[in-house]
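A.B. asks: One file is attached below, data14.txt, containing compact mmCIF, C-alpha atoms and all ligand atoms.
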# COMPACT_ATOMS: atom_id res chain seq x y z
CA MET A 818 91.12 115.42 98.16
CA ARG A 819 93.45 118.26 99.12
CA PRO A 820 95.08 120.37 96.41
CA PHE A 821 98.60 119.32 95.43
CA HIS A 822 101.25 120.32 92.94
CA TYR A 823 101.67 117.93 89.97
CA GLU A 824 104.96 117.47 88.10
CA HIS A 825 105.49 115.27 85.06
CA ALA A 826 109.03 113.90 84.77
CA ALA A 827 110.27 113.01 81.29
CA ASP A 828 113.16 110.92 82.59
CA ARG A 829 114.94 109.76 85.74
CA ALA A 830 117.10 112.87 86.10
CA GLN A 831 114.03 115.12 85.88
CA ALA A 832 112.18 112.99 88.43
CA LEU A 833 115.02 113.19 90.96
CA LYS A 834 115.43 116.92 90.36
CA ALA A 835 111.71 117.59 90.80
CA ALA A 836 111.60 115.53 94.00
CA ALA A 837 114.64 117.29 95.43
CA ALA A 838 113.16 120.71 94.62
CA ALA A 839 109.83 119.78 96.21
CA GLY A 840 111.35 118.99 99.62
CA ALA A 841 110.14 116.47 102.16
CA ASN A 842 106.43 116.14 101.38
CA VAL A 843 106.71 114.66 97.89
CA HIS A 844 105.59 111.33 96.43
CA TYR A 845 106.29 109.62 93.15
CA LEU A 846 103.26 108.55 91.10
CA ALA A 847 103.29 105.46 88.86
CA GLY A 848 100.08 103.40 88.69
CA GLY A 849 98.61 105.40 91.56
CA THR A 850 96.58 102.46 92.83
CA THR A 851 97.67 103.01 96.43
CA LEU A 852 98.62 106.68 96.46
CA ILE A 853 95.44 108.11 94.92
CA ASP A 854 93.30 105.89 97.15
CA LEU A 855 94.99 107.18 100.28
CA MET A 856 94.95 110.79 99.09
CA LYS A 857 91.19 110.54 98.60
CA LEU A 858 90.90 109.16 102.14
CA ASP A 859 93.02 112.10 103.38
CA VAL A 860 95.52 109.67 104.88
CA MET A 861 98.36 110.70 102.54
CA ARG A 862 98.70 114.44 101.94
CA PRO A 863 101.62 115.07 99.56
CA ALA A 864 102.30 118.70 98.67
CA THR A 865 103.85 117.55 95.37
CA VAL A 866 103.31 114.45 93.23
CA VAL A 867 105.94 113.62 90.62
CA ASP A 868 104.57 111.47 87.79
CA ILE A 869 107.23 108.95 86.76
CA ASN A 870 105.28 106.94 84.18
CA ALA A 871 107.54 108.19 81.37
CA LEU A 872 110.42 106.32 83.06
CA ALA A 873 108.84 103.08 81.83
CA ARG A 874 110.89 103.64 78.65
CA ASP A 875 114.02 102.64 80.61
CA HIS A 876 112.66 100.80 83.65
CA ALA A 877 109.99 98.32 82.57
CA GLU A 878 112.16 95.43 81.46
CA VAL A 879 111.41 91.77 82.18
CA ARG A 880 114.53 89.75 81.43
CA ALA A 881 115.50 86.25 82.51
CA ASP A 882 119.00 84.91 81.82
CA ALA A 883 121.66 82.75 83.47
CA GLU A 884 122.18 85.37 86.19
CA GLY A 885 118.54 85.48 87.20
CA LEU A 886 115.48 87.63 86.66
CA LYS A 887 115.67 91.39 86.14
CA LEU A 888 112.47 93.39 86.60
CA GLY A 889 112.07 97.11 85.97
CA ALA A 890 110.18 98.98 88.67
CA LEU A 891 107.80 100.51 86.12
CA ALA A 892 106.78 97.11 84.70
CA ARG A 893 103.07 96.51 85.28
CA MET A 894 102.00 93.63 87.50
CA SER A 895 99.94 91.94 84.77
CA ASP A 896 102.78 92.07 82.21
CA VAL A 897 105.18 90.32 84.60
CA ALA A 898 102.59 87.79 85.80
CA GLU A 899 101.98 86.70 82.20
CA HIS A 900 105.58 86.75 80.95
CA PRO A 901 106.43 83.22 79.68
CA ALA A 902 109.91 83.13 81.27
CA VAL A 903 108.52 84.21 84.63
CA VAL A 904 105.69 81.67 84.49
CA ARG A 905 108.12 78.88 83.55
CA ASP A 906 111.20 79.63 85.66
CA TYR A 907 109.81 81.72 88.55
CA PRO A 908 106.22 80.49 89.06
CA LEU A 909 106.27 81.90 92.59
CA ILE A 910 106.70 85.41 91.19
CA ALA A 911 104.00 84.96 88.55
CA GLN A 912 101.49 83.54 91.05
CA SER A 913 102.15 86.19 93.69
CA LEU A 914 101.31 88.87 91.12
CA ASP A 915 98.38 87.06 89.57
CA LEU A 916 96.66 86.41 92.92
CA ALA A 917 96.81 90.08 93.94
CA ALA A 918 94.08 92.71 93.54
CA SER A 919 91.91 92.66 90.40
CA PRO A 920 92.77 92.50 86.67
CA GLN A 921 92.15 96.25 86.31
CA LEU A 922 94.47 97.07 89.21
CA ARG A 923 97.16 94.66 87.99
CA ASN A 924 97.08 96.40 84.60
CA MET A 925 97.68 99.77 86.27
CA ALA A 926 99.97 99.02 89.21
CA SER A 927 103.74 99.14 88.83
CA LEU A 928 106.08 96.74 90.60
CA GLY A 929 107.79 99.57 92.45
CA GLY A 930 104.53 100.96 93.74
CA ASN A 931 103.24 97.50 94.61
CA VAL A 932 106.04 96.74 97.04
CA LEU A 933 105.51 100.13 98.71
CA GLN A 934 101.77 99.66 99.32
CA ARG A 935 100.61 100.66 102.78
CA THR A 936 98.88 98.55 105.39
CA ARG A 937 95.16 97.82 105.25
CA CYS A 938 94.76 98.39 109.00
CA PRO A 939 91.26 99.94 109.23
CA TYR A 940 92.35 102.53 111.80
CA PHE A 941 95.17 103.73 109.56
CA ARG A 942 92.82 104.20 106.62
CA ASP A 943 90.07 106.00 108.54
CA THR A 944 91.02 109.45 109.79
CA GLY A 945 87.97 109.38 112.07
CA TRP A 946 90.11 107.33 114.45
CA SER A 947 92.55 109.45 116.40
CA ALA A 948 94.77 106.66 117.78
CA CYS A 949 97.12 105.43 115.07
CA ASN A 950 100.87 105.72 115.60
CA LYS A 951 101.53 105.07 111.95
CA ARG A 952 99.34 107.92 110.73
CA GLN A 953 99.86 110.22 113.72
CA PRO A 954 103.07 109.38 115.63
CA GLY A 955 102.54 109.22 119.39
CA SER A 956 98.73 108.96 119.20
CA GLY A 957 98.46 105.29 120.26
CA CYS A 958 97.22 102.18 118.50
CA ALA A 959 93.48 101.49 118.31
CA ALA A 960 94.07 98.06 116.78
CA LEU A 961 95.72 96.58 119.88
CA THR A 962 92.30 96.21 121.53
CA GLY A 963 90.15 96.67 118.43
CA VAL A 964 89.46 95.01 115.10
CA ASN A 965 92.74 93.22 114.47
CA ARG A 966 91.80 89.91 112.86
CA LYS A 967 93.71 90.69 109.65
CA LEU A 968 96.72 92.33 111.25
CA ALA A 969 100.22 91.03 111.98
CA ILE A 970 101.49 88.51 114.52
CA LEU A 971 105.18 88.47 113.50
CA GLY A 972 107.55 91.41 113.79
CA VAL A 973 105.00 93.53 115.67
CA SER A 974 105.60 95.98 118.53
CA ASP A 975 103.56 97.55 121.33
CA HIS A 976 103.25 100.60 119.08
CA CYS A 977 101.85 98.96 115.93
CA ILE A 978 100.59 95.55 114.76
CA ALA A 979 99.85 96.58 111.18
CA ASN A 980 100.44 93.87 108.60
CA TYR A 981 102.27 94.25 105.31
CA PRO A 982 99.47 93.45 102.84
CA GLY A 983 101.26 92.59 99.57
CA ASP A 984 102.09 89.30 97.86
CA PHE A 985 104.82 90.02 95.29
CA ALA A 986 107.10 91.47 97.99
CA VAL A 987 106.81 88.24 99.98
CA ALA A 988 108.01 86.31 96.92
CA LEU A 989 110.94 88.72 96.48
CA ALA A 990 111.92 88.33 100.13
CA ALA A 991 111.79 84.53 99.88
CA LEU A 992 113.94 84.46 96.75
CA GLY A 993 116.64 86.71 98.21
CA ALA A 994 116.07 89.49 95.67
CA THR A 995 117.87 92.81 95.64
CA VAL A 996 116.40 96.22 94.86
CA ASP A 997 118.00 98.94 92.73
CA LEU A 998 117.64 102.47 94.08
CA GLU A 999 118.57 105.83 92.72
CA GLY A 1000 118.50 109.10 94.65
CA PRO A 1001 120.18 112.48 95.01
CA ALA A 1002 123.32 110.76 96.38
CA GLY A 1003 123.53 108.29 93.49
CA ARG A 1004 122.72 104.64 92.91
CA ARG A 1005 122.77 101.80 95.38
CA VAL A 1006 121.63 98.19 95.58
CA ILE A 1007 120.27 96.73 98.82
CA PRO A 1008 118.85 93.33 99.78
CA PHE A 1009 115.08 93.39 99.35
CA GLU A 1010 114.78 92.12 102.92
CA ASP A 1011 116.28 95.45 104.06
CA LEU A 1012 113.86 97.68 102.14
CA HIS A 1013 111.07 97.53 104.73
CA ARG A 1014 111.49 98.26 108.44
CA LEU A 1015 109.84 96.69 111.45
CA PRO A 1016 107.55 99.08 113.35
CA GLY A 1017 109.45 99.21 116.66
CA GLU A 1018 108.80 102.62 118.21
CA THR A 1019 108.53 104.38 114.84
CA PRO A 1020 105.82 102.63 112.80
CA HIS A 1021 105.37 105.75 110.65
CA ILE A 1022 108.82 105.07 109.10
CA GLU A 1023 108.13 102.04 106.93
CA THR A 1024 111.17 101.74 104.67
CA ASN A 1025 114.89 102.45 104.55
CA LEU A 1026 114.50 104.63 101.44
CA LYS A 1027 116.36 107.93 101.70
CA PRO A 1028 114.60 111.22 100.88
CA GLY A 1029 113.88 111.45 97.17
CA GLU A 1030 115.10 107.92 96.46
CA LEU A 1031 113.40 106.03 93.67
CA ILE A 1032 113.10 102.28 93.13
CA THR A 1033 114.30 101.52 89.59
CA GLY A 1034 114.30 97.72 89.54
CA PHE A 1035 114.59 94.33 91.19
CA SER A 1036 116.99 91.44 90.64
CA VAL A 1037 116.12 87.87 91.58
CA PRO A 1038 119.20 85.63 91.58
CA ALA A 1039 119.04 82.40 89.60
CA GLY A 1040 118.93 79.28 91.75
CA SER A 1041 118.20 75.58 91.55
CA TRP A 1042 115.06 76.27 93.63
CA THR A 1043 113.23 78.84 91.47
CA ARG A 1044 111.33 76.36 89.25
CA ARG A 1045 109.97 74.32 92.14
CA SER A 1046 108.26 77.31 93.64
CA LEU A 1047 104.72 78.42 94.38
CA TYR A 1048 102.64 81.02 96.20
CA LEU A 1049 99.71 79.83 98.31
CA LYS A 1050 97.30 82.54 99.45
CA ILE A 1051 94.53 81.94 101.99
CA ARG A 1052 91.85 84.63 102.19
CA ASP A 1053 88.24 85.23 103.09
CA ARG A 1054 87.17 85.05 99.43
CA GLN A 1055 88.94 83.68 96.39
CA SER A 1056 89.28 86.91 94.44
CA TYR A 1057 90.14 90.57 95.02
CA GLU A 1058 91.09 90.05 98.64
CA PHE A 1059 94.20 90.38 100.78
CA ALA A 1060 95.85 87.38 102.41
CA LEU A 1061 94.90 86.22 105.87
CA THR A 1062 97.98 84.04 105.54
CA SER A 1063 100.20 83.17 102.62
CA ALA A 1064 103.31 81.12 101.96
CA ALA A 1065 105.96 81.70 99.30
CA ILE A 1066 107.96 78.52 98.74
CA ALA A 1067 110.99 77.66 96.60
CA LEU A 1068 112.68 74.29 96.98
CA ASP A 1069 115.67 72.37 95.71
CA LEU A 1070 115.18 68.67 96.44
CA ASP A 1071 117.58 65.85 95.66
CA ALA A 1072 116.42 62.69 93.89
CA GLY A 1073 115.42 61.15 97.22
CA GLY A 1074 113.28 64.13 98.24
CA VAL A 1075 115.80 65.52 100.74
CA VAL A 1076 115.82 69.32 100.96
CA ARG A 1077 119.07 70.77 99.61
CA GLU A 1078 117.77 74.33 99.80
CA ALA A 1079 114.53 75.94 100.89
CA ARG A 1080 113.39 79.54 100.55
CA ILE A 1081 110.32 80.50 102.54
CA GLY A 1082 108.35 83.74 102.77
CA LEU A 1083 105.20 84.45 104.76
CA GLY A 1084 102.49 86.98 103.96
CA GLY A 1085 99.41 88.36 105.71
CA VAL A 1086 100.91 87.63 109.12
CA ALA A 1087 103.89 89.94 109.44
CA ALA A 1088 104.75 93.61 109.80
CA LYS A 1089 106.93 93.46 106.66
CA PRO A 1090 107.50 91.03 103.78
CA TRP A 1091 108.71 88.11 105.88
CA ARG A 1092 111.39 85.59 105.13
CA SER A 1093 111.46 82.72 107.60
CA HIS A 1094 115.10 81.71 107.93
CA GLU A 1095 114.04 79.57 110.91
CA ALA A 1096 111.70 77.45 108.77
CA GLU A 1097 114.34 77.13 106.06
CA ALA A 1098 116.92 75.89 108.59
CA ALA A 1099 114.42 73.39 109.98
CA LEU A 1100 114.03 71.81 106.53
CA ARG A 1101 117.58 71.84 105.18
CA GLY A 1102 119.06 68.32 104.97
CA ARG A 1103 115.78 66.59 105.91
CA PRO A 1104 113.42 64.59 103.71
CA LEU A 1105 110.42 66.77 102.91
CA ASP A 1106 107.43 65.03 104.47
CA GLU A 1107 104.56 65.86 106.80
CA ALA A 1108 106.81 65.71 109.89
CA SER A 1109 109.54 68.01 108.55
CA ALA A 1110 106.95 70.40 107.09
CA GLN A 1111 105.26 70.58 110.51
CA ALA A 1112 108.64 71.23 112.16
CA ALA A 1113 109.32 74.07 109.72
CA ALA A 1114 105.86 75.54 110.35
CA HIS A 1115 106.35 75.49 114.11
CA ALA A 1116 109.76 77.15 113.72
CA ALA A 1117 108.22 79.82 111.46
CA PHE A 1118 105.61 80.84 114.03
CA ALA A 1119 107.56 80.29 117.25
CA GLY A 1120 107.80 84.05 117.78
CA ALA A 1121 104.17 84.87 116.93
CA LYS A 1122 102.23 87.25 119.19
CA ALA A 1123 98.52 86.87 118.61
CA GLY A 1124 96.13 89.08 120.60
CA GLY A 1125 92.41 89.74 120.55
CA GLN A 1126 90.80 88.42 117.37
CA GLN A 1127 94.04 86.86 116.12
CA ALA A 1128 94.03 83.59 118.08
CA PHE A 1129 93.40 81.59 114.89
CA LYS A 1130 96.28 83.07 112.92
CA PRO A 1131 99.31 81.08 114.08
CA GLU A 1132 97.51 77.79 113.40
CA LEU A 1133 96.21 78.99 110.02
CA GLY A 1134 99.71 80.21 109.18
CA ARG A 1135 101.25 76.85 110.09
CA ARG A 1136 98.66 74.94 108.05
CA THR A 1137 99.22 77.25 105.08
CA LEU A 1138 102.96 76.64 105.18
CA VAL A 1139 102.64 72.85 105.55
CA ARG A 1140 100.21 72.67 102.63
CA ALA A 1141 102.41 74.86 100.43
CA LEU A 1142 105.52 72.77 101.18
CA LEU A 1143 103.78 69.48 100.43
CA GLU A 1144 102.29 70.89 97.22
CA ALA A 1145 105.71 72.15 96.11
CA ARG A 1146 107.16 68.69 96.74
CA THR A 1147 104.92 67.18 94.06
CA MET A 1148 105.60 69.79 91.35
CA GLU A 1149 106.99 68.55 88.03
CA VAL A 1150 110.15 70.54 87.30
FE1 LIG A 1201 97.85 102.45 113.37
FE2 LIG A 1201 99.53 100.39 113.31
FE3 LIG A 1201 97.83 100.58 115.28
FE4 LIG A 1201 96.90 100.10 112.84
S1 LIG A 1201 98.17 98.73 114.03
S2 LIG A 1201 96.08 101.52 114.36
S3 LIG A 1201 98.38 101.20 111.60
S4 LIG A 1201 99.48 102.02 114.84
As structure tokens, what does this structure read like?
Ligand code: SF4

C.D. replies:
Amino acid sequence: MRPFHYEHAADRAQALKAAAAAGANVHYLAGGTTLIDLMKLDVMRPATVVDINALARDHAEVRADAEGLKLGALARMSDVAEHPAVVRDYPLIAQSLDLAASPQLRNMASLGGNVLQRTRCPYFRDTGWSACNKRQPGSGCAALTGVNRKLAILGVSDHCIANYPGDFAVALAALGATVDLEGPAGRRVIPFEDLHRLPGETPHIETNLKPGELITGFSVPAGSWTRRSLYLKIRDRQSYEFALTSAAIALDLDAGGVVREARIGLGGVAAKPWRSHEAEAALRGRPLDEASAQAAAHAAFAGAKAGGQQAFKPELGRRTLVRALLEARTMEV
């Protein structure tokens, strides 16, 4: 690991000040479960690391009320996954956290850091490969003709097909969450769907965060669909593994099983946490059954681009979504 300058921030103001003073090559440190990994691999090379764990005093809340669910960015994944109100009223959130990583990592990792985790593309994580536009802009993309079985088929470009690897962020996208940010220019709130960027011609720019900006929390609006919600994750093994495909589902059904509202996110298959507005539109106003679930799944993957080792992914993604929808239909709420 390369030498770096370490700063401990006692509060938010100190963290922002330290980041501003450090300049461009600075990263915030919370759980460190992504950052330290990538520093050891020499993929991330911050000159300064600002430790923000002391901010948990003000930014680790888990609160559910009539407005919705409020989550502090310094809350730990395991604490939120086990919170009774989250388990009861937002099972999709609880499951997306509980199915990620390992117990040890969930105890360490913060929510803010979790949504900012980097891709698992093998060429990004191995500096022995020279062609990676995300790590080295303009160098090419080894994955286009290489090992790409686990990479993205939605939202990709000719410059990068890296997948977004997380689960919790897919749930936030599906539920229409917002994210609270604070930076040198003050506070702002943006839709969670706007936090991550598609790769386009600049895959090395992954988010719309401004320099020095810090995630302080997330808000999930209340809705008649949050209780009938689930996260289905399909992977090569049942534990400590990233999604090949996943579906985040939240449904409001009338007494006859007709879909009043559907919220659908997809994981493992897309360049960013993916909300499928197309699948939602295909379901709205229709009885939820095998035929409408299939129609939604086909709408969700209509724009998929699968190359090389990815031929199986659109079909696996469709099957994952159909199964998740039909399972959500039978939930007791
Ligand atoms: Fe790099 Fe993206 Fe290509 Fe992977 S898919 S090698 S991250 S440019």

A.B. asks: Within 7 Å of segment 1054-1067 of chain A, counting only C-alpha atoms, which residues qualify if same-chain residues fewer than 5 places away don't, as a PDB file with C-alpha atoms, in the coordinates of the input?

C.D. replies:
ATOM      1  CA  LEU A 909     106.270  81.900  92.590  1.00  0.00           C
ATOM      2  CA  ALA A 917      96.810  90.080  93.940  1.00  0.00           C
ATOM      3  CA  ALA A 918      94.080  92.710  93.540  1.00  0.00           C
ATOM      4  CA  SER A 919      91.910  92.660  90.400  1.00  0.00           C
ATOM      5  CA  LYS A 967      93.710  90.690 109.650  1.00  0.00           C
ATOM      6  CA  PRO A 982      99.470  93.450 102.840  1.00  0.00           C
ATOM      7  CA  VAL A 987     106.810  88.240  99.980  1.00  0.00           C
ATOM      8  CA  ALA A 988     108.010  86.310  96.920  1.00  0.00           C
ATOM      9  CA  ALA A 991     111.790  84.530  99.880  1.00  0.00           C
ATOM     10  CA  TRP A1042     115.060  76.270  93.630  1.00  0.00           C
ATOM     11  CA  THR A1043     113.230  78.840  91.470  1.00  0.00           C
ATOM     12  CA  ARG A1045     109.970  74.320  92.140  1.00  0.00           C
ATOM     13  CA  SER A1046     108.260  77.310  93.640  1.00  0.00           C
ATOM     14  CA  LEU A1047     104.720  78.420  94.380  1.00  0.00           C
ATOM     15  CA  TYR A1048     102.640  81.020  96.200  1.00  0.00           C
ATOM     16  CA  LEU A1049      99.710  79.830  98.310  1.00  0.00           C
ATOM     17  CA  ALA A1079     114.530  75.940 100.890  1.00  0.00           C
ATOM     18  CA  ARG A1080     113.390  79.540 100.550  1.00  0.00           C
ATOM     19  CA  ILE A1081     110.320  80.500 102.540  1.00  0.00           C
ATOM     20  CA  GLY A1082     108.350  83.740 102.770  1.00  0.00           C
ATOM     21  CA  LEU A1083     105.200  84.450 104.760  1.00  0.00           C
ATOM     22  CA  GLY A1084     102.490  86.980 103.960  1.00  0.00           C
ATOM     23  CA  GLY A1085      99.410  88.360 105.710  1.00  0.00           C
ATOM     24  CA  VAL A1086     100.910  87.630 109.120  1.00  0.00           C
ATOM     25  CA  LEU A1133      96.210  78.990 110.020  1.00  0.00           C
ATOM     26  CA  GLY A1134      99.710  80.210 109.180  1.00  0.00           C
ATOM     27  CA  THR A1137      99.220  77.250 105.080  1.00  0.00           C
ATOM     28  CA  LEU A1138     102.960  76.640 105.180  1.00  0.00           C
ATOM     29  CA  ALA A1141     102.410  74.860 100.430  1.00  0.00           C
ATOM     30  CA  LEU A1142     105.520  72.770 101.180  1.00  0.00           C
TER      31      LEU A1142
END

A.B. asks: Compile the contact shell of Ile1032 of chain A as a PDB file with C-alpha atoms, in the coordinates of the input: residues with an atom at most 9 Å away, counting only C-alpha atoms, same-chain residues fewer than 3 positions apart removed.

C.D. replies:
ATOM      1  CA  GLY A 889     112.070  97.110  85.970  1.00  0.00           C
ATOM      2  CA  ALA A 890     110.180  98.980  88.670  1.00  0.00           C
ATOM      3  CA  LEU A 891     107.800 100.510  86.120  1.00  0.00           C
ATOM      4  CA  GLY A 929     107.790  99.570  92.450  1.00  0.00           C
ATOM      5  CA  GLY A 930     104.530 100.960  93.740  1.00  0.00           C
ATOM      6  CA  VAL A 996     116.400  96.220  94.860  1.00  0.00           C
ATOM      7  CA  ASP A 997     118.000  98.940  92.730  1.00  0.00           C
ATOM      8  CA  LEU A 998     117.640 102.470  94.080  1.00  0.00           C
ATOM      9  CA  GLU A 999     118.570 105.830  92.720  1.00  0.00           C
ATOM     10  CA  GLY A1000     118.500 109.100  94.650  1.00  0.00           C
ATOM     11  CA  LEU A1026     114.500 104.630 101.440  1.00  0.00           C
ATOM     12  CA  PHE A1035     114.590  94.330  91.190  1.00  0.00           C
TER      13      PHE A1035
END

A.B. asks: Rounded to one decimal in Å, what is the spacing between atom CA of Ala1072 of chain A and atom CA of Pro1104 of chain A?

C.D. replies: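 Straight-line distance from atom CA of Ala1072 of chain A to atom CA of Pro1104 of chain A works out to 10.4 Å.
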
A.B. asks: Report as JSON lines the residues of chain A within 9 Å of ligand LIG 1201 (chain A), each with its shortest atom pair and distance in Å (one decimal), using all atoms listed in the file, ordered by chain and increasing residue number.

C.D. replies:
{"residue": "A:Thr936", "atom": "CA", "partner": "A:LIG1201", "partner_atom": "S3", "distance": 6.8}
{"residue": "A:Arg937", "atom": "CA", "partner": "A:LIG1201", "partner_atom": "S3", "distance": 7.9}
{"residue": "A:Cys938", "atom": "CA", "partner": "A:LIG1201", "partner_atom": "FE4", "distance": 4.7}
{"residue": "A:Pro939", "atom": "CA", "partner": "A:LIG1201", "partner_atom": "FE4", "distance": 6.7}
{"residue": "A:Tyr940", "atom": "CA", "partner": "A:LIG1201", "partner_atom": "S2", "distance": 4.6}
{"residue": "A:Phe941", "atom": "CA", "partner": "A:LIG1201", "partner_atom": "S3", "distance": 4.6}
{"residue": "A:Arg942", "atom": "CA", "partner": "A:LIG1201", "partner_atom": "S3", "distance": 8.0}
{"residue": "A:Trp946", "atom": "CA", "partner": "A:LIG1201", "partner_atom": "S2", "distance": 8.3}
{"residue": "A:Ser947", "atom": "CA", "partner": "A:LIG1201", "partner_atom": "S2", "distance": 8.9}
{"residue": "A:Ala948", "atom": "CA", "partner": "A:LIG1201", "partner_atom": "S2", "distance": 6.3}
{"residue": "A:Cys949", "atom": "CA", "partner": "A:LIG1201", "partner_atom": "FE1", "distance": 3.5}
{"residue": "A:Asn950", "atom": "CA", "partner": "A:LIG1201", "partner_atom": "S4", "distance": 4.0}
{"residue": "A:Lys951", "atom": "CA", "partner": "A:LIG1201", "partner_atom": "S4", "distance": 4.7}
{"residue": "A:Arg952", "atom": "CA", "partner": "A:LIG1201", "partner_atom": "FE1", "distance": 6.3}
{"residue": "A:Gln953", "atom": "CA", "partner": "A:LIG1201", "partner_atom": "FE1", "distance": 8.0}
{"residue": "A:Pro954", "atom": "CA", "partner": "A:LIG1201", "partner_atom": "S4", "distance": 8.2}
{"residue": "A:Ser956", "atom": "CA", "partner": "A:LIG1201", "partner_atom": "S4", "distance": 8.2}
{"residue": "A:Gly957", "atom": "CA", "partner": "A:LIG1201", "partner_atom": "S4", "distance": 6.4}
{"residue": "A:Cys958", "atom": "CA", "partner": "A:LIG1201", "partner_atom": "FE3", "distance": 3.6}
{"residue": "A:Ala959", "atom": "CA", "partner": "A:LIG1201", "partner_atom": "S2", "distance": 4.7}
{"residue": "A:Ala960", "atom": "CA", "partner": "A:LIG1201", "partner_atom": "S2", "distance": 4.7}
{"residue": "A:Leu961", "atom": "CA", "partner": "A:LIG1201", "partner_atom": "FE3", "distance": 6.5}
{"residue": "A:Gly963", "atom": "CA", "partner": "A:LIG1201", "partner_atom": "S2", "distance": 8.7}
{"residue": "A:Asn965", "atom": "CA", "partner": "A:LIG1201", "partner_atom": "S1", "distance": 7.7}
{"residue": "A:Leu968", "atom": "CA", "partner": "A:LIG1201", "partner_atom": "S1", "distance": 7.1}
{"residue": "A:Ala969", "atom": "CA", "partner": "A:LIG1201", "partner_atom": "S1", "distance": 8.2}
{"residue": "A:Val973", "atom": "CA", "partner": "A:LIG1201", "partner_atom": "S1", "distance": 8.7}
{"residue": "A:Asp975", "atom": "CA", "partner": "A:LIG1201", "partner_atom": "FE3", "distance": 8.9}
{"residue": "A:His976", "atom": "CA", "partner": "A:LIG1201", "partner_atom": "S4", "distance": 5.8}
{"residue": "A:Cys977", "atom": "CA", "partner": "A:LIG1201", "partner_atom": "FE2", "distance": 3.8}
{"residue": "A:Ile978", "atom": "CA", "partner": "A:LIG1201", "partner_atom": "S1", "distance": 4.1}
{"residue": "A:Ala979", "atom": "CA", "partner": "A:LIG1201", "partner_atom": "S1", "distance": 3.9}
{"residue": "A:Asn980", "atom": "CA", "partner": "A:LIG1201", "partner_atom": "S1", "distance": 7.6}
{"residue": "A:Pro1016", "atom": "CA", "partner": "A:LIG1201", "partner_atom": "FE2", "distance": 8.1}
{"residue": "A:Pro1020", "atom": "CA", "partner": "A:LIG1201", "partner_atom": "S4", "distance": 6.7}
{"residue": "A:His1021", "atom": "CA", "partner": "A:LIG1201", "partner_atom": "S4", "distance": 8.1}

A.B. asks: Which one is closest to Glu878 of chain A: A:His900, A:His825, A:Arg923, A:His844? Count all atoms listed in the file.

C.D. replies: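 Result for the nearest residue to Glu878 of chain A: A:His900.
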
A.B. asks: List the neighbours of Arg819 of chain A out to 9 Å using all atoms listed in the file; skip same-chain residues closer than 6 positions along the sequence, and give me the result as a PDB file with C-alpha atoms, keeping the file's coordinate frame.

C.D. replies:
ATOM      1  CA  MET A 856      94.950 110.790  99.090  1.00  0.00           C
ATOM      2  CA  LYS A 857      91.190 110.540  98.600  1.00  0.00           C
ATOM      3  CA  ASP A 859      93.020 112.100 103.380  1.00  0.00           C
ATOM      4  CA  ARG A 862      98.700 114.440 101.940  1.00  0.00           C
ATOM      5  CA  PRO A 863     101.620 115.070  99.560  1.00  0.00           C
ATOM      6  CA  ALA A 864     102.300 118.700  98.670  1.00  0.00           C
TER       7      ALA A 864
END

A.B. asks: List as JSON, numbers by chain: which residues have an atom within 10 Å of (93.3, 87.8, 116.4), counting all atoms listed in the file?

C.D. replies: {"A": [961, 962, 963, 964, 965, 966, 967, 968, 969, 970, 1122, 1123, 1124, 1125, 1126, 1127, 1128, 1129, 1130, 1131]}

A.B. asks: List every protein, DNA or RNA residue that has at least one atom no more than 12 Å from (106.1, 79.2, 116.2) in the file's coordinates, counting all atoms listed in the file, and write the result as a list in words.

C.D. replies: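 Answer for this query, in the requested form: Ile970, Leu971, Ser1093, Glu1095, Ala1096, Ala1099, Gln1111, Ala1112, Ala1113, Ala1114, His1115, Ala1116, Ala1117, Phe1118, Ala1119, Gly1120, Ala1121, Lys1122, Ala1123, Lys1130, Pro1131, Glu1132, Leu1133, Gly1134, Arg1135, Arg1136 and Leu1138 of chain A.
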
A.B. asks: Pick the closest to Ala832 of chain A from A:Leu1031, A:Ala911, A:Val903, A:Val1139: which is it, counting only C-alpha atoms?

C.D. replies: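 For Ala832 of chain A, the nearest of the candidates is A:Leu1031.
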
A.B. asks: What's the separation between atom CA of Asp875 of chain A and atom CA of Leu888 of chain A, in Å to one decimal place?

C.D. replies: 11.1 Å

A.B. asks: Go ahead and compute the interatomic distance for atom CA of Val867 of chain A and atom CA of Leu846 of chain A, in Å to one decimal.

C.D. replies: 5.8 Å

A.B. asks: Just want the 6 Å neighbourhood of Lys887 of chain A, counted on all atoms listed in the file, with same-chain residues fewer than 4 positions away dropped. Output as a PyMOL selection string.

C.D. replies: chain A and resi 879-880+1035-1036

A.B. asks: Take the residues from that selection and write them out as a CSV table (one decimal), in the coordinates of the input, keeping C-alpha atoms.

C.D. replies:
chain,number,residue,atom,x,y,z
A,879,VAL,CA,111.4,91.8,82.2
A,880,ARG,CA,114.5,89.8,81.4
A,1035,PHE,CA,114.6,94.3,91.2
A,1036,SER,CA,117.0,91.4,90.6

A.B. asks: Would you please work out which residue, of A:Leu916, A:Leu928, A:Ala1039, A:Leu1012, is nearest to Asn1025 of chain A when using only C-alpha atoms?

C.D. replies: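 Using only C-alpha atoms, the shortest distance to Asn1025 of chain A belongs to A:Leu1012.
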
A.B. asks: Looking at A:Thr1033, A:Thr995, A:Ser1109, A:Ser974, which one is nearest to Arg1014 of chain A, with distances taken over only C-alpha atoms?

C.D. replies: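 Closest to Arg1014 of chain A of all the choices is A:Ser974.
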
A.B. asks: Using only C-alpha atoms, which protein or nucleic acid residues come within 8 Å of Ala837 of chain A? Drop anything in the same chain fewer than 4 positions from it, and give the result as JSON, numbers by chain.

C.D. replies: {"A": [833, 1001, 1029]}

A.B. asks: Which is closest to Gly1073 of chain A among A:Glu1018, A:Arg1146, A:Arg829, A:Gly1034, if we use all atoms listed in the file?

C.D. replies: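 When distances to Gly1073 of chain A are compared using all atoms listed in the file, the smallest one comes from A:Arg1146.
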